[in-house]
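What follows is a short report on a single structure.
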Amino acid sequence: MRTLDQVVTEFPFFAGMEPEHLELIAGCAKNVRFQAGERLFREGHPADTFYVVRRGRVALEMFVPPRGAITIETIEPGETVGWSWLFPPYLWHFDARAAELVRAVAFDGACLRQKLQSDSVLGYELLSRFAQLLIDRLQATRLQLLDVYGDRPRN
Amino acid sequence: MNSGTGAMKDTRTAPTSGVIGPQGLEALVRSLAGRGYRVVGPLLRDGAIVYDDLASADDLPAGWTEVQEAATYRLERRDDDARFGYPVGPHSWKRFLLPADVRLWQARRRNGGPPEIVEEPPPDQPFAFIGVRSCDLHAIAVQDRVFLEGAYLDRDYAARRGDAFLVAVNCGTPGGTCFCASMGTGPRAESGYDLALTEILEGGHRFLVEAGSERGAEVLAELGAREATGGDIEAALRVSHEAAHRMGRRLEADGLRDLLARNVEHPRFTDVADRCLTCGNCTLVCPTCFCTSVDDVNVLGGDAAERRRRWDSCFSVGYSYIHGGSVRPSARGRYRQWLTHKFGTWIDQFGTSGCVGCGRCITWCPVGIDVTEELAAIRVADGEVDHAHA
Amino acid sequence: MAIAPATEPLSAPGAMTPEPFRVLRRRRETADTWTFELEPVGGEPVVPAPGQFTMLYAFGVGEVPISSSGDPTAGGPLVHTVRAVGAVTEAICRTKPGGILGVRGPFGTSWPVEEACGCDLVIVAGGIGLAPLRPALYQALADRGAYGTVVLLVGARTPGDLLYAKELERWRGRFDLDVAVTVDNAGGGWQGRVGVVPRLVAGAGFDPASAVALVCGPEIMIRYTAAALLERGVPKERIYISLERSMHCGLGHCGHCQLGPVLVCRDGPVFRLDDIEPLLGVREL
């Protein structure tokens with residue numbers, strides 16, 4: 001039976017980090033669970049957490065009147081949700097909802113933010129990983145924006 | 001001479017030759033017409049020497065020549081009455097072999113059943129072309145590769161081409177934009193003809209006639225030709241030899257395919273795009289350009305339809321249209337397509353160069369773009385890249 | 001010099017003459033896409049290999065290249081999935097069962113399904129790109145034992161744009177086929193993945209060292225999917241893509257489908273990535 005500490009150190013997202021940093025991060029972690037349909041966070045609310053999904057699917061949504069909630073991306077097991085905790089104003093940029101039963105590890109962003117102030121190496125390590133995450137999301141978003149399958153103009 | 005197009009097949013039979021005077025040309029036209037050919041050849045019309053039906057040898061532009069330069073074409077009188085004293089005009093033989101607008105088939109809807117499709121029959125009269133220059137013989141062979149030697153046969157082209165009787169003429173008066181010598185496609189016709197004429201002006205106006213096929217020899221026998229002497233043959237060879245040294249243009253043709261393949265983003269394409277009007281004149285006059293579009297049209301309110309094939313040009317924006325846009329929207333892209341296809345990728349696609357050095361594109365370009373100059377400029381700056389457009 | 005005239009018998013139609021085919025069945029796939037089952041009216045059947053296309057003709061309107069989308073192993077009617085995007089495809093899509101369409105072909109190169117025997121097979125389809133790939137999947141499933149892992153990755157604009165929805169469900173239910181589906185965006189009711197197709201490649205369960213990938217869809221999707229496959233370690237020589245260009249004849253005679261040195265109707269539409277990649281990288285080629 002693995003401890004939460006072990007689980008955290010095995011996340012690919014943190015691969016390559018120093019053991020002391022991993023310990024510190026694991027210390028800010030806890031297991032969480034969301035029922036299908038339950039909201040993880042809401043656009044505009046304070047962002048003090050990030051999650052690594054272990055099981056299930058998280059839908060990132062934006063509310064577009066009059067269409068309603070549009071899923072703009074889904075997060076699968078092994079992937080990380082939430083970068084808003086790392087950048088001012090520390091507010092969520094969209095909604096997140098469990099598309100099915102979700103088990104995840106939640107990390108206390110508020111606590112980590114304080115630790116980053118005094119440990120710049122930890123700050124660099126986390127920032128570079130989240131930067132890569134943002135790059136991937138940006139590329140994907142651009143492709144989605146191009147609407148490559150979209151209605152073609154008439155011949 | 002540089003490497004040729006390689007498209008010609010050697011069909012020389014046992015040499016049969018003779019010499020006729022200018023009157024013998026009338027006998028030639030009579031003989032061909034008598035065999036049921038539709039005789040076409042050069043004649044004067046609308047300020048140019050064009051190819052059209054010849055009623056008699058009197059229709060030939062005796063005593064005329066063409067002065068050709070970049071963006072320049074005019075007729076001038078000669079001081080002799082040479083029948084073929086000019087290079088090539090705006091027409092090429094694709095006018096007859098690959099007509100600009102041809103119906104492929106007609107279809108009529110029938111009650112309750114599939115439409116009945118009737119293919120267009122080929123023209124009932126085979127052609128006899130009089131005055132096919134060596135460059136144009138090569139051009140015909142280049143188009144043969146496209147339409148007869150691929151996986152699919154173009155029936156209309158095959159029918160027109162198959163029975164065509166070709167009377168070649170060996171050039172004595174090359175033009176200001178000619179560069180067949182550089183392309184290895186002339187000025188002397190080597191093969192691919194039924195008869196070849198060389199007009200000799202010195203020592204008496206006469207024509208050396210050489211047969212290139214059995215039926216050519218049969219026609220020759222009806223012309224009342226006298227035997228060719230060694231002097232006649234030497235004079236004929238002299239005509240070709242001198243013509244080869246009076247080419248208006250020259251082109252270094254070696255390695256053009258690779259040169260163009262490695263210079264797709266050359267600044268010269270940006271440069272020429274500033275001048276090119278994308279009018280497509282070059283593709284109209286080029287004897288090898290073969291691009292066509294297929295038009296399906298409704299006739300008489302919906303119960304009948306037909307399919308037509310029309311000349312098209314890679315210079316038009318719509319040519320490469322798919323999915324709401326053209327693959328080549330810019331003039332740069334389209335000029336590059338034409339030039340690199342003609343001299344480069346044509347070889348990859350069909351095994352020969354697409355250019356036969358006739359010079360028509362230079363003469364008929366309204367702004368005088370000269371392919372020999374453009375290619376030389378690319379060669380001189382081999383490897384340069386236009387980073388703004390690449 | 002005379003070249004022997006065409007020796008085809010006059011009774012055989014020329015290569016530009018369509019054969020009449022009757023629509024047996026027409027099924028609506030999405031708001032603008034239909035699948036047709038066609039049988040010849042009295043003539044020979046047309047049996048395209050996976051990846052090949054025919055020129056489909058709507059009487060009096062025009063002709064377009066459409067990939068075959070049916071099962072090459074079943075010996076049944078000719079199947080085409082057509083998206084209505086212009087005058088000709090709209091006319092085709094309006095044709096009801098009993099109606100007549102013209103067919104010429106089949107033309108072009110095919111997916112290397114047989115050559116991929118012994119390998120893992122990764123099929124990646126974007127939008128209407130699933131139609132030309134379906135025959136390849138059918139062919140592989142008909143000889144399932146010859147392959148390692150078979151993976152199908154499908155992307156579409158929205159859930160309503162997914163082709164062959166019922167079949168997708170059946171394929172997902174198989175134990176010998178891994179299926180992952182994603183859409184670019186989705187409203188309420190869709191509980192599946194949302195995101196771009198290349199993302200599916202990273203997590204798919206195949207062995208790059210022994211995989212052959214077949215990719216079809218919009219050219220930009222092909223580009224990014226190929227990048228994702230390369231990142232996973234699939235070599236360029238084992239990635240195959242299908243391209244489109246303007247086509248008028250399908251015979252290599254009209255010149256429209258040129259892409260540098262190749263004619264897409266004759267040397268494609270299926271290409272190996274290492275052969276075609278340098279050409280795809282040149283704008284406006």
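Residue names in the structure tokens use chain letters A, B, ... in the order shown, residue numbers from 1 in each chain, and ligand numbers from 1 in the order shown.
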For C:Glu169: contacts at 12 Å, only C-alpha atoms, fewer than 4 positions along chain excluded, given as a PyMOL selection string: chain C and resi 162-165+173-174+177-181
Please provide the set of residues having any atom within 9 Å of A:Leu60, restricted to only C-alpha atoms, with same-chain residues fewer than 3 positions apart removed, written as a VMD selection string. (chain A and resid 70 to 75 81 94 to 98) or (chain C and resid 194)
Measuring atom to atom with only C-alpha atoms, identify which of C:Cys249, C:Pro198, C:Val47, C:Arg193 is nearest to A:Pro77. C:Arg193
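Running DSSP on the backbone and keeping only strand (DSSP E or B), the residues of stretch 31-84 of chain C that qualify are Thr33, Trp34, Thr35, Phe36, Glu37, Leu38, Glu39, Pro40, Phe53, Thr54, Met55, Leu56, Tyr57, Ala58, Gly62, Glu63, Val64, Pro65, Ile66, Ser67, Ser68, Leu78, Val79, His80, Thr81, Val82 and Arg83 of chain C.
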Please dump the current selection as a PDB file, in the first residue's frame; keep C-alpha atoms.
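Final file, out_3.pdb:
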ATOM      1  CA  THR C  33     -22.347  14.208 -44.549  1.00  0.00           C
ATOM      2  CA  TRP C  34     -23.939  11.168 -46.149  1.00  0.00           C
ATOM      3  CA  THR C  35     -22.778   7.668 -46.944  1.00  0.00           C
ATOM      4  CA  PHE C  36     -23.863   6.104 -50.226  1.00  0.00           C
ATOM      5  CA  GLU C  37     -23.939   2.487 -51.302  1.00  0.00           C
ATOM      6  CA  LEU C  38     -23.737   2.201 -55.074  1.00  0.00           C
ATOM      7  CA  GLU C  39     -24.072  -0.622 -57.557  1.00  0.00           C
ATOM      8  CA  PRO C  40     -23.257  -0.552 -61.263  1.00  0.00           C
ATOM      9  CA  PHE C  53     -10.699   7.263 -54.801  1.00  0.00           C
ATOM     10  CA  THR C  54     -13.166   7.481 -57.653  1.00  0.00           C
ATOM     11  CA  MET C  55     -14.409  10.501 -59.561  1.00  0.00           C
ATOM     12  CA  LEU C  56     -18.090  10.829 -58.651  1.00  0.00           C
ATOM     13  CA  TYR C  57     -20.350  12.602 -61.140  1.00  0.00           C
ATOM     14  CA  ALA C  58     -23.680  14.327 -60.534  1.00  0.00           C
ATOM     15  CA  GLY C  62     -19.930  18.112 -62.093  1.00  0.00           C
ATOM     16  CA  GLU C  63     -17.470  15.594 -60.815  1.00  0.00           C
ATOM     17  CA  VAL C  64     -15.331  15.406 -57.686  1.00  0.00           C
ATOM     18  CA  PRO C  65     -12.724  12.975 -56.313  1.00  0.00           C
ATOM     19  CA  ILE C  66     -14.147  11.016 -53.355  1.00  0.00           C
ATOM     20  CA  SER C  67     -12.280   8.322 -51.438  1.00  0.00           C
ATOM     21  CA  SER C  68     -13.946   4.992 -51.051  1.00  0.00           C
ATOM     22  CA  LEU C  78     -19.260   0.600 -53.757  1.00  0.00           C
ATOM     23  CA  VAL C  79     -19.384   2.840 -50.691  1.00  0.00           C
ATOM     24  CA  HIS C  80     -18.630   6.554 -50.566  1.00  0.00           C
ATOM     25  CA  THR C  81     -19.004   9.051 -47.724  1.00  0.00           C
ATOM     26  CA  VAL C  82     -19.594  12.540 -49.086  1.00  0.00           C
ATOM     27  CA  ARG C  83     -19.575  15.874 -47.299  1.00  0.00           C
TER      28      ARG C  83
END
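Residues in contact range of stretch 320-323 of chain B, defined as at most 6 Å between only C-alpha atoms, with sequence neighbours fewer than 3 positions away removed, read B:Ser326, B:Val327, C:Ser246.
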Which residues of chain A are close to chain C, meaning at most 10 Å apart when you count only C-alpha atoms, and how do they look as a PDB file with C-alpha atoms, in the first residue's frame?
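Okay, this is what ended up in iface.pdb:
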ATOM      1  CA  ALA A  36     -19.516  12.773 -11.429  1.00  0.00           C
ATOM      2  CA  GLY A  37     -20.837  16.254 -12.121  1.00  0.00           C
ATOM      3  CA  ARG A  57     -11.819  12.695 -16.416  1.00  0.00           C
ATOM      4  CA  VAL A  58     -12.040  16.400 -15.626  1.00  0.00           C
ATOM      5  CA  ALA A  59     -13.821  18.707 -18.048  1.00  0.00           C
ATOM      6  CA  LEU A  60     -12.614  22.300 -18.327  1.00  0.00           C
ATOM      7  CA  GLU A  61     -15.559  24.475 -19.229  1.00  0.00           C
ATOM      8  CA  MET A  62     -16.404  28.000 -20.154  1.00  0.00           C
ATOM      9  CA  PHE A  63     -19.871  29.369 -19.825  1.00  0.00           C
ATOM     10  CA  VAL A  64     -20.966  30.942 -23.085  1.00  0.00           C
ATOM     11  CA  ARG A  67     -24.981  28.183 -25.514  1.00  0.00           C
ATOM     12  CA  GLY A  68     -24.354  27.266 -21.918  1.00  0.00           C
ATOM     13  CA  ALA A  69     -21.316  25.433 -20.593  1.00  0.00           C
ATOM     14  CA  ILE A  70     -18.920  24.470 -23.378  1.00  0.00           C
ATOM     15  CA  THR A  71     -16.199  21.952 -22.678  1.00  0.00           C
ATOM     16  CA  ILE A  72     -12.991  23.389 -24.067  1.00  0.00           C
ATOM     17  CA  GLU A  73     -10.698  20.598 -22.940  1.00  0.00           C
ATOM     18  CA  THR A  74     -10.713  17.413 -20.910  1.00  0.00           C
ATOM     19  CA  ILE A  75      -7.941  16.312 -18.564  1.00  0.00           C
ATOM     20  CA  GLU A  76      -7.115  12.627 -18.393  1.00  0.00           C
ATOM     21  CA  GLY A  78      -1.809  11.467 -15.202  1.00  0.00           C
ATOM     22  CA  ALA A  98     -15.704  16.008 -12.870  1.00  0.00           C
ATOM     23  CA  ALA A  99     -17.048  14.319 -16.017  1.00  0.00           C
ATOM     24  CA  GLU A 100     -17.127  11.047 -14.109  1.00  0.00           C
ATOM     25  CA  ASP A 136       1.079  22.386 -24.694  1.00  0.00           C
ATOM     26  CA  ARG A 137      -2.277  23.913 -23.879  1.00  0.00           C
ATOM     27  CA  GLN A 139      -0.649  24.837 -29.043  1.00  0.00           C
ATOM     28  CA  ALA A 140      -3.718  22.716 -28.634  1.00  0.00           C
ATOM     29  CA  THR A 141      -5.900  25.773 -28.192  1.00  0.00           C
ATOM     30  CA  ARG A 142      -4.528  27.308 -31.362  1.00  0.00           C
ATOM     31  CA  LEU A 143      -5.364  24.192 -33.320  1.00  0.00           C
ATOM     32  CA  GLN A 144      -8.841  24.155 -31.867  1.00  0.00           C
ATOM     33  CA  LEU A 145      -9.214  27.823 -32.735  1.00  0.00           C
ATOM     34  CA  LEU A 146      -8.387  27.147 -36.380  1.00  0.00           C
ATOM     35  CA  ASP A 147     -11.506  25.008 -36.546  1.00  0.00           C
ATOM     36  CA  VAL A 148      -9.752  22.735 -39.008  1.00  0.00           C
ATOM     37  CA  TYR A 149     -12.779  20.528 -39.556  1.00  0.00           C
ATOM     38  CA  GLY A 150     -15.085  23.476 -39.846  1.00  0.00           C
ATOM     39  CA  ASP A 151     -17.609  24.478 -42.482  1.00  0.00           C
ATOM     40  CA  ARG A 152     -15.833  25.209 -45.700  1.00  0.00           C
ATOM     41  CA  PRO A 153     -16.807  28.133 -47.895  1.00  0.00           C
ATOM     42  CA  ARG A 154     -18.630  27.158 -51.047  1.00  0.00           C
ATOM     43  CA  ASN A 155     -16.705  26.191 -54.174  1.00  0.00           C
TER      44      ASN A 155
END
Backbone-only DSSP, alpha helix (DSSP H) members of stretch 78-273 of chain C, as an MDAnalysis selection string: chainID C and resid 87:93 130:142 165:173 198:203 219:232 264:267 273
